[in-house]
Structures are given as C-alpha cells and as structure tokens.
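K.L.:
Coordinates in work-v5.txt, compact mmCIF, C-alpha atoms and all ligand atoms, are listed below.
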```
# COMPACT_ATOMS: atom_id res chain seq x y z
CA MET A 279 91.11 129.32 102.41
CA GLN A 280 94.14 129.79 104.59
CA ARG A 281 97.12 131.73 103.45
CA PHE A 282 100.26 129.77 103.03
CA ALA A 283 103.21 131.70 104.38
CA LEU A 284 106.45 129.96 105.14
CA SER A 285 109.03 131.64 102.99
CA THR A 286 108.68 134.25 100.34
CA THR A 287 110.46 132.15 97.78
CA LEU A 288 107.86 129.46 98.19
CA LEU A 289 104.76 131.59 98.19
CA SER A 290 104.38 130.87 94.52
CA ILE A 291 103.69 127.22 95.35
CA ALA A 292 100.24 128.16 96.26
CA LEU A 293 101.24 127.22 95.81
CA LEU A 294 90.44 90.68 96.48
CA THR A 295 91.15 87.92 97.99
CA ALA A 296 91.91 87.19 101.65
CA CYS A 297 95.57 87.54 100.86
CA ASN A 298 94.80 90.61 98.91
CA ALA A 299 93.49 92.11 102.08
CA ALA A 300 97.21 92.57 102.67
CA ASP A 301 97.03 95.35 100.13
CA ARG A 302 94.30 96.65 102.39
CA ALA A 303 92.72 98.00 99.28
CA ALA A 304 90.79 101.21 99.31
CA PRO A 305 87.01 100.91 99.48
CA ALA A 306 85.31 102.04 96.27
CA SER A 307 84.12 105.20 97.97
CA ALA A 308 87.69 106.24 98.69
CA GLN A 309 88.60 105.65 95.06
CA ALA A 310 85.89 107.99 93.82
CA ALA A 311 87.08 111.21 92.30
CA GLN A 312 87.28 114.04 94.76
CA ALA A 313 85.90 117.45 94.00
CA ALA A 314 88.36 119.49 91.99
CA ALA A 315 90.15 122.18 93.93
CA PRO A 316 92.33 124.97 92.64
CA PRO A 317 96.07 124.35 93.00
CA THR A 318 96.25 127.21 95.47
CA ALA A 319 93.91 125.54 97.95
CA ALA A 320 95.44 125.15 101.39
CA GLU A 321 93.86 123.48 104.38
CA THR A 322 95.06 122.52 107.80
CA ILE A 323 95.33 119.00 109.15
CA GLY A 324 96.61 118.53 112.70
CA PRO A 325 99.83 120.57 112.99
CA PHE A 326 100.15 121.04 109.23
CA VAL A 327 99.26 123.58 106.63
CA VAL A 328 98.52 121.35 103.65
CA THR A 329 99.09 122.73 100.17
CA THR A 330 97.84 120.78 97.18
CA VAL A 331 100.51 120.89 94.47
CA ALA A 332 98.96 118.61 91.82
CA ARG A 333 96.61 115.66 91.30
CA PHE A 334 97.24 112.30 89.69
CA ASP A 335 95.59 109.08 88.58
CA GLU A 336 96.59 106.45 91.13
CA PRO A 337 100.01 107.87 91.98
CA TRP A 338 102.47 105.37 93.41
CA ALA A 339 105.74 107.19 93.98
CA PHE A 340 107.42 110.57 93.66
CA SER A 341 110.99 111.86 93.68
CA PHE A 342 112.61 115.26 93.51
CA LEU A 343 115.04 116.09 90.71
CA PRO A 344 118.01 118.38 91.43
CA ASP A 345 116.19 121.30 89.77
CA GLY A 346 113.29 120.94 92.24
CA ARG A 347 110.86 119.35 89.80
CA VAL A 348 109.09 116.18 90.88
CA LEU A 349 108.73 112.91 88.99
CA VAL A 350 105.49 111.07 89.79
CA SER A 351 104.64 107.54 88.72
CA GLU A 352 101.02 106.60 88.16
CA LYS A 353 100.23 102.95 88.77
CA PRO A 354 98.28 102.44 85.51
CA GLY A 355 101.54 103.13 83.64
CA LYS A 356 102.24 106.82 83.19
CA LEU A 357 105.11 109.00 84.32
CA LYS A 358 104.59 112.70 85.10
CA LEU A 359 106.89 115.64 85.66
CA VAL A 360 105.69 118.40 88.00
CA ASP A 361 106.78 122.02 88.20
CA VAL A 362 106.01 122.59 91.88
CA ALA A 363 105.88 126.38 91.63
CA SER A 364 103.09 126.37 89.04
CA GLY A 365 101.56 122.95 89.69
CA LYS A 366 101.87 122.27 85.96
CA VAL A 367 102.11 118.57 85.16
CA GLY A 368 103.87 117.34 82.02
CA ASP A 369 103.89 113.87 80.46
CA VAL A 370 107.02 111.76 80.14
CA GLY A 371 106.89 109.33 77.22
CA GLY A 372 108.90 106.23 76.46
CA VAL A 373 107.93 104.37 79.62
CA PRO A 374 107.84 100.57 79.68
CA ALA A 375 104.57 98.63 79.43
CA VAL A 376 103.38 97.68 82.91
CA ALA A 377 101.23 94.79 84.15
CA TYR A 378 98.52 96.90 85.72
CA GLY A 379 96.16 95.21 88.16
CA GLY A 380 95.95 94.25 91.81
CA GLN A 381 98.97 95.82 93.45
CA GLY A 382 100.86 95.84 90.16
CA GLY A 383 101.64 98.59 87.71
CA PHE A 384 104.10 101.41 87.69
CA GLY A 385 106.07 101.45 90.94
CA ASP A 386 108.94 103.55 92.14
CA VAL A 387 110.88 106.25 90.32
CA VAL A 388 114.17 107.71 91.57
CA PRO A 389 116.96 109.74 89.98
CA HIS A 390 120.52 108.43 89.92
CA PRO A 391 122.71 110.24 92.50
CA GLN A 392 124.61 111.82 89.58
CA PHE A 393 121.42 112.67 87.69
CA ALA A 394 122.61 116.23 87.07
CA ASP A 395 125.45 114.76 85.01
CA ASN A 396 123.98 111.57 83.53
CA GLY A 397 120.21 112.22 83.40
CA LEU A 398 119.49 108.66 84.53
CA VAL A 399 116.29 107.70 86.31
CA TYR A 400 115.46 104.29 87.73
CA LEU A 401 111.95 102.87 87.50
CA SER A 402 110.30 99.83 89.01
CA TYR A 403 107.17 98.22 87.65
CA ALA A 404 105.24 94.99 87.37
CA GLU A 405 106.25 93.18 84.19
CA LYS A 406 104.13 90.55 82.49
CA GLY A 407 105.62 87.07 82.15
CA ASP A 408 104.53 83.87 80.44
CA GLY A 409 100.92 82.85 80.92
CA ASP A 410 99.39 84.60 83.90
CA THR A 411 102.68 85.35 85.61
CA ALA A 412 104.27 88.66 86.45
CA GLY A 413 107.20 90.00 88.39
CA ALA A 414 108.75 93.28 89.36
CA ALA A 415 111.44 94.75 87.14
CA VAL A 416 113.78 97.70 87.55
CA ALA A 417 114.88 99.65 84.49
CA ARG A 418 117.04 102.69 84.02
CA ALA A 419 116.74 105.27 81.26
CA ARG A 420 117.88 108.74 80.37
CA LEU A 421 115.27 111.43 81.04
CA VAL A 422 115.26 114.04 78.31
CA THR A 423 112.99 116.95 79.19
CA ASP A 424 111.25 119.21 76.69
CA ASP A 425 110.08 122.81 76.66
CA ALA A 426 106.48 121.77 77.24
CA GLY A 427 107.12 120.68 80.83
CA GLY A 428 107.38 116.98 80.04
CA GLY A 429 109.87 114.80 78.25
CA ARG A 430 110.70 111.23 77.37
CA LEU A 431 112.82 108.31 78.46
CA GLU A 432 115.60 107.18 76.15
CA ASN A 433 117.87 104.13 76.13
CA LEU A 434 115.62 102.22 78.54
CA GLU A 435 117.43 99.17 79.88
CA VAL A 436 116.04 96.56 82.30
CA ILE A 437 118.75 95.93 84.89
CA TRP A 438 116.96 93.68 87.40
CA ARG A 439 114.01 91.32 87.61
CA GLN A 440 112.24 89.34 90.30
CA VAL A 441 112.84 85.63 89.87
CA PRO A 442 110.80 83.64 89.46
CA LYS A 443 107.84 85.37 87.88
CA VAL A 444 104.73 83.95 89.54
CA GLY A 445 100.94 84.18 89.37
CA GLY A 446 98.97 86.66 91.42
CA ARG A 447 99.15 90.42 91.52
CA GLY A 448 100.27 91.22 95.05
CA HIS A 449 103.38 92.05 97.08
CA TYR A 450 105.74 93.33 94.43
CA ALA A 451 106.98 95.95 96.93
CA HIS A 452 109.66 97.07 94.38
CA ARG A 453 110.85 100.08 96.38
CA VAL A 454 114.10 101.51 94.96
CA LEU A 455 116.69 103.53 96.88
CA PHE A 456 120.19 104.85 96.25
CA GLY A 457 122.74 104.98 99.04
CA ASP A 458 125.25 107.80 99.38
CA ASP A 459 127.89 105.45 97.97
CA GLY A 460 125.89 104.99 94.74
CA LYS A 461 124.75 101.45 95.53
CA LEU A 462 121.21 100.61 94.40
CA TRP A 463 118.87 99.04 96.95
CA ILE A 464 115.68 97.21 96.05
CA ALA A 465 113.03 96.01 98.49
CA SER A 466 111.48 92.97 96.79
CA GLY A 467 108.18 91.56 98.06
CA GLU A 468 107.41 87.85 98.37
CA ARG A 469 104.51 88.04 95.87
CA GLN A 470 102.15 86.44 98.42
CA LYS A 471 104.00 83.15 97.90
CA PHE A 472 105.44 82.92 101.45
CA ASP A 473 108.36 80.42 101.20
CA PRO A 474 110.37 82.29 98.55
CA ALA A 475 111.26 84.79 101.28
CA GLN A 476 113.52 82.05 102.73
CA ASP A 477 114.70 80.60 99.38
CA MET A 478 118.11 81.85 98.25
CA GLN A 479 117.39 80.72 94.67
CA SER A 480 114.76 83.47 94.55
CA ASN A 481 115.05 87.21 95.11
CA LEU A 482 111.46 87.48 96.37
CA GLY A 483 111.02 88.57 99.99
CA LYS A 484 114.51 90.09 100.14
CA VAL A 485 116.30 93.40 100.43
CA LEU A 486 118.86 93.55 97.62
CA ARG A 487 122.04 95.56 97.20
CA LEU A 488 123.26 96.13 93.65
CA ASN A 489 125.64 98.27 91.66
CA ASP A 490 123.95 100.98 89.62
CA ASP A 491 124.10 98.77 86.51
CA GLY A 492 122.21 95.96 88.28
CA SER A 493 125.23 93.73 88.87
CA ALA A 494 125.86 92.27 92.33
CA PRO A 495 128.71 93.83 94.35
CA ALA A 496 131.51 91.40 95.17
CA ASP A 497 131.29 92.32 98.88
CA ASN A 498 127.64 91.34 99.32
CA PRO A 499 127.02 88.85 102.16
CA PHE A 500 126.02 85.94 99.93
CA ALA A 501 128.41 86.64 97.04
CA GLY A 502 129.70 83.40 95.51
CA GLN A 503 126.53 81.47 96.43
CA GLY A 504 124.87 81.82 93.03
CA GLU A 505 123.71 84.62 90.79
CA VAL A 506 120.50 85.34 92.70
CA ALA A 507 121.87 84.89 96.22
CA ALA A 508 124.68 87.29 95.35
CA GLN A 509 122.10 90.11 95.11
CA VAL A 510 120.76 89.54 98.64
CA TRP A 511 121.51 91.78 101.60
CA SER A 512 118.78 90.45 103.92
CA LEU A 513 115.96 87.91 103.70
CA GLY A 514 112.72 86.84 105.31
CA HIS A 515 110.82 89.98 104.33
CA ARG A 516 107.15 90.01 103.34
CA ASN A 517 105.97 93.18 101.58
CA PRO A 518 108.61 95.82 102.30
CA LEU A 519 107.14 98.96 100.75
CA GLY A 520 109.36 101.47 102.57
CA LEU A 521 113.16 101.58 102.52
CA ALA A 522 115.30 104.46 103.79
CA PHE A 523 118.63 105.33 105.38
CA ASP A 524 118.75 107.24 108.64
CA GLY A 525 121.20 110.08 109.28
CA ASN A 526 123.82 107.62 110.50
CA GLY A 527 123.73 105.57 107.31
CA GLN A 528 121.70 102.75 108.90
CA LEU A 529 119.15 101.17 106.55
CA TRP A 530 115.57 100.56 107.72
CA ASP A 531 112.61 98.94 106.03
CA ILE A 532 108.92 99.09 106.81
CA GLU A 533 106.67 96.29 105.66
CA MET A 534 103.12 95.08 105.74
CA GLY A 535 102.54 92.11 107.98
CA PRO A 536 99.81 89.57 107.24
CA LYS A 537 96.77 89.79 109.55
CA GLY A 538 98.53 92.03 112.07
CA GLY A 539 102.24 92.43 112.55
CA ASP A 540 103.30 95.33 110.34
CA GLU A 541 107.04 95.81 110.94
CA LEU A 542 109.75 98.44 111.06
CA ASN A 543 113.09 96.64 110.72
CA ARG A 544 116.65 97.76 111.20
CA VAL A 545 118.11 96.12 108.08
CA GLU A 546 121.39 94.38 108.82
CA ARG A 547 123.84 92.69 106.50
CA GLY A 548 123.00 89.03 105.95
CA ALA A 549 120.17 89.02 108.49
CA ASN A 550 117.01 86.93 108.27
CA TYR A 551 113.76 88.62 109.35
CA GLY A 552 111.93 85.31 109.60
CA TYR A 553 108.92 85.57 107.31
CA PRO A 554 106.94 83.31 106.80
CA ILE A 555 108.31 81.23 109.68
CA VAL A 556 107.61 83.95 112.23
CA SER A 557 105.43 87.05 112.27
CA ASN A 558 103.66 88.93 115.02
CA GLY A 559 100.65 88.75 112.73
CA ASP A 560 98.88 85.59 111.56
CA HIS A 561 97.59 84.25 108.24
CA TYR A 562 94.43 85.78 106.84
CA ASP A 563 92.78 82.35 106.83
CA GLY A 564 93.19 82.21 110.61
CA ARG A 565 96.17 79.88 110.78
CA PRO A 566 98.63 81.16 113.37
CA ILE A 567 102.19 82.16 112.53
CA PRO A 568 104.55 81.83 115.52
CA ASP A 569 105.56 85.22 116.90
CA HIS A 570 109.08 86.58 116.65
CA ASP A 571 109.89 85.84 120.30
CA THR A 572 109.63 82.08 119.64
CA ARG A 573 112.58 82.12 117.24
CA PRO A 574 115.33 84.42 118.48
CA GLU A 575 117.64 83.40 115.62
CA PHE A 576 115.58 85.66 113.37
CA ASN A 577 115.89 89.43 113.63
CA ALA A 578 112.86 90.87 115.38
CA PRO A 579 111.25 94.14 114.28
CA ALA A 580 112.10 97.39 116.03
CA ILE A 581 108.38 98.22 115.97
CA THR A 582 105.46 95.90 115.30
CA TRP A 583 101.93 97.18 114.72
CA THR A 584 98.74 95.28 115.55
CA PRO A 585 96.30 96.71 114.61
CA VAL A 586 98.09 97.50 111.41
CA ILE A 587 98.95 100.85 109.86
CA SER A 588 99.52 99.39 106.34
CA PRO A 589 102.81 101.18 105.69
CA SER A 590 103.39 102.32 102.12
CA SER A 591 106.60 104.27 102.44
CA LEU A 592 109.32 105.48 104.78
CA ALA A 593 111.40 108.66 104.95
CA PHE A 594 113.83 110.09 107.50
CA TYR A 595 113.60 113.77 108.29
CA SER A 596 116.64 116.05 108.60
CA GLY A 597 115.22 119.46 107.69
CA ASP A 598 114.80 122.76 109.48
CA VAL A 599 111.11 123.32 108.78
CA PHE A 600 110.15 120.91 111.59
CA PRO A 601 113.21 121.28 113.85
CA ASP A 602 111.78 119.12 116.65
CA TRP A 603 111.51 116.19 114.25
CA LYS A 604 115.10 115.99 113.05
CA GLY A 605 116.18 112.36 113.07
CA ASN A 606 112.59 111.10 113.14
CA ALA A 607 111.14 108.89 110.42
CA PHE A 608 107.75 109.18 108.76
CA ALA A 609 105.71 106.30 107.40
CA GLY A 610 102.80 106.72 105.02
CA GLY A 611 99.76 104.69 106.08
CA LEU A 612 97.26 103.22 103.61
CA SER A 613 94.39 101.59 105.56
CA SER A 614 95.22 103.79 108.55
CA GLN A 615 94.95 106.89 106.32
CA SER A 616 97.72 108.39 108.35
CA LEU A 617 101.20 109.76 108.53
CA VAL A 618 103.09 108.03 111.36
CA ARG A 619 105.97 109.79 113.10
CA ILE A 620 108.63 107.44 114.46
CA ALA A 621 111.23 108.47 117.05
CA PHE A 622 114.51 106.68 117.77
CA GLU A 623 116.71 106.22 120.81
CA GLY A 624 119.82 104.26 119.86
CA ASP A 625 118.67 101.04 118.21
CA ARG A 626 115.19 101.38 119.68
CA ALA A 627 112.28 102.91 117.80
CA ARG A 628 108.74 103.85 118.79
CA GLU A 629 105.67 105.37 117.22
CA ALA A 630 105.72 108.91 118.59
CA GLU A 631 102.66 110.37 116.90
CA ARG A 632 100.05 109.57 114.28
CA PHE A 633 98.43 112.20 112.09
CA ALA A 634 95.02 111.39 110.62
CA MET A 635 95.29 112.55 107.00
CA GLY A 636 91.81 111.58 105.84
CA HIS A 637 93.22 109.74 102.82
CA ARG A 638 95.35 106.69 102.15
CA ILE A 639 98.97 107.92 102.08
CA ARG A 640 101.02 106.24 99.34
CA GLY A 641 104.32 108.08 99.67
CA VAL A 642 106.30 110.43 101.90
CA ARG A 643 109.53 112.35 101.39
CA GLN A 644 111.39 115.33 102.74
CA GLY A 645 111.49 117.97 100.04
CA PRO A 646 114.57 120.02 99.16
CA ASP A 647 112.72 122.90 100.88
CA GLY A 648 112.71 120.98 104.19
CA ALA A 649 108.94 120.54 104.09
CA LEU A 650 107.29 117.13 104.36
CA TRP A 651 105.73 116.03 101.09
CA VAL A 652 103.19 113.22 100.82
CA ILE A 653 101.21 111.72 97.99
CA GLU A 654 97.77 110.19 98.35
CA ASP A 655 96.71 106.84 96.94
CA GLY A 656 93.92 106.33 94.45
CA LYS A 657 92.05 108.20 91.77
CA ASP A 658 92.70 111.94 91.97
CA GLY A 659 95.49 111.33 94.51
CA ARG A 660 97.08 114.60 95.52
CA LEU A 661 100.73 115.56 95.94
CA LEU A 662 100.73 117.58 99.15
CA ARG A 663 103.26 119.87 100.77
CA LEU A 664 103.10 119.95 104.57
CA THR A 665 104.43 122.92 106.52
CA PRO A 666 103.90 123.95 110.15
CA LYS A 667 100.69 125.63 111.19
CA GLY A 668 101.00 128.88 113.08
CA CA B 1 101.92 85.45 115.02
```
Rewrite the structure from the file as structure tokens, please.
Ligand SMILES: [Ca+2]

P.N.:
Amino acid sequence: MQRFALSTTLLSIALLTACNAADRAAPASAQAAQAAAPPTAAETIGPFVVTTVARFDEPWAFSFLPDGRVLVSEKPGKLKLVDVASGKVGDVGGVPAVAYGGQGGFGDVVPHPQFADNGLVYLSYAEKGDGDTAGAAVARARLVTDDAGGGRLENLEVIWRQVPKVGGRGHYAHRVLFGDDGKLWIASGERQKFDPAQDMQSNLGKVLRLNDDGSAPADNPFAGQGEVAAQVWSLGHRNPLGLAFDGNGQLWDIEMGPKGGDELNRVERGANYGYPIVSNGDHYDGRPIPDHDTRPEFNAPAITWTPVISPSSLAFYSGDVFPDWKGNAFAGGLSSQSLVRIAFEGDRAREAERFAMGHRIRGVRQGPDGALWVIEDGKDGRLLRLTPKG
C-alpha cells in the first residue's frame, strides 16, 4: 500500500442489440463484484496515485456540493451522499422512480449554482411512459440533509422531458450542466431513433439551453418556432454523454458515434452537427453513413475517434494539482477503460494522452481540491481521487 501524501489537510481522505453495442456494454466479467478493499487503499496507475473514496452499485454521475460532500447517482435508482474525508456513504430518500434497464435509470445529478442558498439539486433519469416507452426527464428538488450523513429530496418537480417518449432503452444521454450565468444545459440523446436528431418537433438528439425552472430563454436560437424548438441550442447530436464549458466559456460536447466516429464537438449556437445524415462512423448493420467532409454545411467534430473510446463524460481542468494540464479536458472512456486527456490550440483539439484505468470510466470531474476525480462504471464502481505520483 502506498502512502498518499499531497496535502496535510487531505491526508484524512485515505483517504443487446447491434444498436445497443453503442452503449458498448460491459462484459459480464467486468460487472462482477471486485474484491473489497479498505477505503484507505491507494494504488498507482500511470502518473496517478489513485485513492478509493467509496464504492457504489452502478454509479452514473457525481457532483461536489459547496461543503465538499459528493452526491452520487446509482443507475438502478438510488442517490447517495458521500463524506469524502471518512468515505462514509449516506442514503438520500425521496428520489423519483426510474425506468431502470439498458442504458436507462438514474442519470445525472448537479447542484444549482446557488445551492448554498436554495438547496436545489437537479436530477436526470429515464422515466417510464405509456406502453413500453420511456424518455429522459429532469427534475429539481430541495436536498435536506440529516445528521446520519444522508438526507431526502423535498418538493420534487419535473421541469423537462424528452419528447416524444419512445421504445428502446438506449441513448438517453441526459447530461445536465449549469453555466456561470445560471442557464441550465441538457444534452439529450436521440434514443437510437436517428431522424429525431434533425426534427425540430422533438428535443431528442439536441443540446438544449433552458432557464433554471425549465422554461426556454427568449434569446435561444429557435425561439418563436414552437415550444420544443425554443429549447434547442444545437441539433444533429447522437448520444452526447459529456457536456462542459472550457475556461473561456465555450461549450463542448463529447458523444458516442455509431460503429466508429466518436466525436468531440465545439457546440455553437444554432449549429447542426449532422447526425444521422453524416458521421465518421457507420451503422452497426454495416450500412455506410457519409462522412462529415461530404457535407460541409454541418459542423464537423473537433476530434473524431475510430476506433472508438466510448466517451461517458467530459470535464475541463483548471486546478493547480496538475499544473501542466491547465486548460486541458478529460474524457471518461467506457469500452476503452481509459481517461483521455485532450489538449487545445485555439479552436483545434487533439487527444494528447490516454491513461489505461483498467475499468470502464463513467464520470470525471475536477474536485474542489484541484485533484481529478473519476467514477467507475458497473457493480462495485469506485469513486477515485487521482493525484500526481512522486
Ligand atoms: Ca461514415
């Protein structure tokens, strides 16, 4: 066991179907429970000292609260609150029922920018519809914590839904992000239905910009073109699982391509990213999809990956713990079981480095401590704190 020593204050943190291949689901062996390890266990991977903070049942997302605690969603439908110093995990009750299965279940969880004052958290999840249909929903609720290390959600209110609800259990995406101006951004997947990504009567396959109550801002690019279109910031997306602002306030998304063609996109107001008309990947059944360079009217990705990395998440880094990586982005990789470092020069982006993590990486964030934090996919998925080795 390697000692973890970055700062004294932190020493206490000891510390499917063919289409469904797009989820690039974990093999059963990877889903098997890993051997239990004490919360103090630290290992090294590549340039990182890796500290296990806590373990979860199919974690999907995590977010830091202003007091340093971490909210973690578990895909089967539970919400957890983590004290990172002790590794103690509390339960948060009052969560909505989720349509668990395939890629669906509990999704993202983020605090409102004024959480310290209003206690609001925003949750995304797959919601059951009529018959066999489902769709992503975003709700907000007040988080009331208790003395036992957990808490409950009160006054839960659904503020947004995918329309229409459709069959199948893939490509919800449902990544949620707040901008510095308090606007709420949602990356909405095309639910493996292809054409809705180009249909302005649907909010599938879009990046959406909303007010924090779910209403559409009057200055959105398609305002006045109908209730659904008014939500849309950009279209032609497939399964955009990562959404993040860089240090200049530019929005980026990272999304799974079909068979090949994962994409990092610079997300621009009113732009069309071309799916399913163009993709540098092709359909899983072998049918070709014309590449981006055949249709210059659609925005092309800043990076395209074939073979794929299966991006789950995206975060920009601005901390001091890894000073050489300021301004870089990090993508979690599912099938690639990796953390991908992305460097930028102006509007251009490139994969700078790829770290083999040995597990499917479901989420990545910069912590308030400046460390990189990642969460693994699957049964017994770990929340990990990454700090420099040596
Ligand atoms: Ca293609």

K.L.:
Which residues of chain A sit at most 9 Å from ligand CA 1 (chain B), using all atoms listed in the file? Give each one's shortest atom pair and distance in Å (one decimal place), in chain and ascending residue order, as a tab-separated table.

P.N.:
```
residue	atom	partner	partner_atom	distance
A:Lys537	CA	B:CA1	CA	8.7
A:Gly538	CA	B:CA1	CA	8.0
A:Gly539	CA	B:CA1	CA	7.4
A:Val556	CA	B:CA1	CA	6.5
A:Ser557	CA	B:CA1	CA	4.7
A:Asn558	CA	B:CA1	CA	3.9
A:Gly559	CA	B:CA1	CA	4.2
A:Asp560	CA	B:CA1	CA	4.6
A:His561	CA	B:CA1	CA	8.1
A:Pro566	CA	B:CA1	CA	5.7
A:Ile567	CA	B:CA1	CA	4.1
A:Pro568	CA	B:CA1	CA	4.5
A:Asp569	CA	B:CA1	CA	4.1
A:His570	CA	B:CA1	CA	7.4
```

K.L.:
Using only C-alpha atoms, find the one residue out of A:Glu623, A:Glu468, A:Asp335, A:Asp598 that sits nearest to A:Gly483.

P.N.:
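Residue with the minimum atom-to-atom distance to A:Gly483: A:Glu468.
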
K.L.:
Which residue, A:Arg487, A:Arg453, A:Lys356, A:Arg573, has the smallest gap to A:Ile532 when you use all atoms listed in the file?

P.N.:
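Answer, going by the shortest atom-to-atom distance: A:Arg453.
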
K.L.:
What does the distance between atom CA of A:Lys366 and atom CA of A:Leu398 come to in Å, to one decimal place?

P.N.:
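One can read the atom CA of A:Lys366 to atom CA of A:Leu398 distance as 22.3 Å.
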
K.L.:
Taking all atoms listed in the file into account, which of A:Asp571, A:Pro589, A:Gln392, A:Asp524 comes nearest A:Gly605?

P.N.:
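For A:Gly605, the nearest of the given residues is A:Asp524.
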